[in-house]
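Presented below is the structure to which this report refers.
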Amino acid sequence: MNKLIALFWLLMMIGFSHHAPSSGHLDVEFSGVLVRGSCQLTAESINKKIRLDNLRWQFINENESSAVTPFSIGIENCSQTDLNKTIKFTWQSHQLVNINGNSYISTQGSSGVVLGLVDSEEKPIVWNTAMEIGAVSTVGSEQQIAFGVLARKPASGEANVGDFSGRVTFALEYE
């Protein structure tokens, strides 16, 4: 399994040479080439900030959550050898709260809202577990992996007028 974090692959080329049968030995030569792992996160995706503007606390309280705000994570510079490798994405957080069987990110600030992440089909993501996104499908140019975020009122009580922020990390792998 290649991990984006490692950024290196070791490609081994094994060459066999055989001398005359009367010599009584076999020479095996090893040589290798260290190459830089290709697929990389775009600069905009490394420290991604998503703003949820124009949220109405009354709407969130009446409907339990806001509309989904879409965002994407970009991958670029994939090589021909990366084609068709399976992309796995793991959203990570230890600041989760469970509401009705779904995990939400607890936030800092006075509003009390929690944040939910969804996949491209607007289904809640499973936290701290690798999810298959698909295969690397382009060489060189940028690919976008779509997600979304929403604000939700807390499990008990109401959302309040005020600021909030939350932070998560993610890991990206290729198989």
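Chain labels A, B, ... are given in the sequence in which chains occur in the structure tokens; within each chain residues are numbered consecutively from 1, and ligands are likewise numbered from 1 in the order shown.
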
Legend entry - Residue neighbourhood range 155-167 of chain A, 10 Å, only C-alpha atoms, exclusion window fewer than 5 positions, as a VMD selection string: chain A and resid 48 to 52 55 to 62 64 to 65 92 to 93 95 97 to 100 105 to 115

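When CA of Asn84 in chain A is paired with CA of Thr138 in chain A, their separation reads 8.9 Å.
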
Legend entry - Residue contacts of Ile133 in chain A (7 Å, only C-alpha atoms) excluding same-chain residues fewer than 6 positions away, as a list in words: Ile87, Lys88 and Phe89 of chain A

Writer output for current selection, N, CA and C atoms, as a tab-separated table (two decimals), in the first residue's frame:
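Now in selection05.tsv:
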```tsv
chain	number	residue	atom	x	y	z
A	87	ILE	N	-8.16	5.19	-4.40
A	87	ILE	CA	-7.99	6.30	-3.47
A	87	ILE	C	-8.82	6.00	-2.23
A	88	LYS	N	-8.18	6.05	-1.06
A	88	LYS	CA	-8.88	5.88	0.21
A	88	LYS	C	-8.70	7.14	1.03
A	89	PHE	N	-9.77	7.57	1.62
A	89	PHE	CA	-9.80	8.84	2.35
A	89	PHE	C	-10.27	8.56	3.77
```

Listing only residues of range 100-161 of chain A within 12 Å of range 67-78 of chain A, what is the closest atom pair and its distance in Å (to one decimal) for each, using only C-alpha atoms, sorted by chain and residue number ascending, as a tab-separated table?
```
residue	atom	partner	partner_atom	distance
A:Leu115	CA	A:Val68	CA	10.3
A:Gly116	CA	A:Val68	CA	9.0
A:Leu117	CA	A:Val68	CA	8.8
A:Val118	CA	A:Val68	CA	8.2
A:Asp119	CA	A:Pro70	CA	9.4
A:Ser120	CA	A:Pro70	CA	8.5
A:Glu121	CA	A:Pro70	CA	10.8
A:Glu122	CA	A:Val68	CA	7.9
A:Lys123	CA	A:Val68	CA	10.7
A:Pro124	CA	A:Val68	CA	11.1
A:Ile133	CA	A:Ile73	CA	11.6
A:Ala135	CA	A:Cys78	CA	11.4
A:Val136	CA	A:Cys78	CA	7.7
A:Ser137	CA	A:Cys78	CA	9.0
A:Thr138	CA	A:Cys78	CA	7.0
A:Val139	CA	A:Cys78	CA	5.0
A:Gly140	CA	A:Asn77	CA	4.3
A:Ser141	CA	A:Glu76	CA	5.6
A:Glu142	CA	A:Glu76	CA	4.3
A:Gln143	CA	A:Ile75	CA	5.1
A:Gln144	CA	A:Gly74	CA	4.5
A:Ile145	CA	A:Ile73	CA	5.1
A:Ala146	CA	A:Ser72	CA	4.4
A:Phe147	CA	A:Phe71	CA	5.5
A:Gly148	CA	A:Pro70	CA	4.1
A:Val149	CA	A:Thr69	CA	5.3
A:Leu150	CA	A:Val68	CA	4.8
A:Ala151	CA	A:Ala67	CA	7.9
A:Arg152	CA	A:Ala67	CA	9.5
```

Only C-alpha atoms, please: the residues just picked out, written as a PDB file, in the first residue's frame.
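Writing the result to selection_1.pdb gives the following:
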```pdb
ATOM      1  CA  LEU A 115     -20.689  20.179  12.219  1.00  0.00           C
ATOM      2  CA  GLY A 116     -21.455  17.236   9.974  1.00  0.00           C
ATOM      3  CA  LEU A 117     -19.384  16.057   7.017  1.00  0.00           C
ATOM      4  CA  VAL A 118     -20.991  14.305   4.059  1.00  0.00           C
ATOM      5  CA  ASP A 119     -19.691  12.579   0.953  1.00  0.00           C
ATOM      6  CA  SER A 120     -20.480  13.536  -2.645  1.00  0.00           C
ATOM      7  CA  GLU A 121     -23.914  11.881  -2.312  1.00  0.00           C
ATOM      8  CA  GLU A 122     -24.610  13.867   0.885  1.00  0.00           C
ATOM      9  CA  LYS A 123     -24.420  10.762   3.058  1.00  0.00           C
ATOM     10  CA  PRO A 124     -22.721  11.207   6.458  1.00  0.00           C
ATOM     11  CA  ILE A 133     -13.364   7.203  -3.045  1.00  0.00           C
ATOM     12  CA  ALA A 135      -9.566   5.220  -8.635  1.00  0.00           C
ATOM     13  CA  VAL A 136      -6.953   7.667  -9.871  1.00  0.00           C
ATOM     14  CA  SER A 137      -8.395   8.533 -13.260  1.00  0.00           C
ATOM     15  CA  THR A 138      -6.196  11.267 -14.711  1.00  0.00           C
ATOM     16  CA  VAL A 139      -2.496  11.784 -15.259  1.00  0.00           C
ATOM     17  CA  GLY A 140      -0.913  15.153 -14.491  1.00  0.00           C
ATOM     18  CA  SER A 141      -3.977  17.334 -14.146  1.00  0.00           C
ATOM     19  CA  GLU A 142      -6.003  17.919 -10.996  1.00  0.00           C
ATOM     20  CA  GLN A 143      -8.713  15.620  -9.665  1.00  0.00           C
ATOM     21  CA  GLN A 144     -11.336  16.825  -7.203  1.00  0.00           C
ATOM     22  CA  ILE A 145     -12.846  14.743  -4.410  1.00  0.00           C
ATOM     23  CA  ALA A 146     -16.201  16.227  -3.394  1.00  0.00           C
ATOM     24  CA  PHE A 147     -17.481  16.560   0.175  1.00  0.00           C
ATOM     25  CA  GLY A 148     -19.838  18.829   2.054  1.00  0.00           C
ATOM     26  CA  VAL A 149     -20.260  20.310   5.527  1.00  0.00           C
ATOM     27  CA  LEU A 150     -23.361  21.392   7.413  1.00  0.00           C
ATOM     28  CA  ALA A 151     -24.101  23.064  10.736  1.00  0.00           C
ATOM     29  CA  ARG A 152     -26.539  21.294  13.063  1.00  0.00           C
TER      30      ARG A 152
END
```

Legend entry - From A:Trp91, A:Ala171, A:Leu41, A:Tyr104, residue lying nearest Lys153 in chain A [only C-alpha atoms]: A:Tyr104
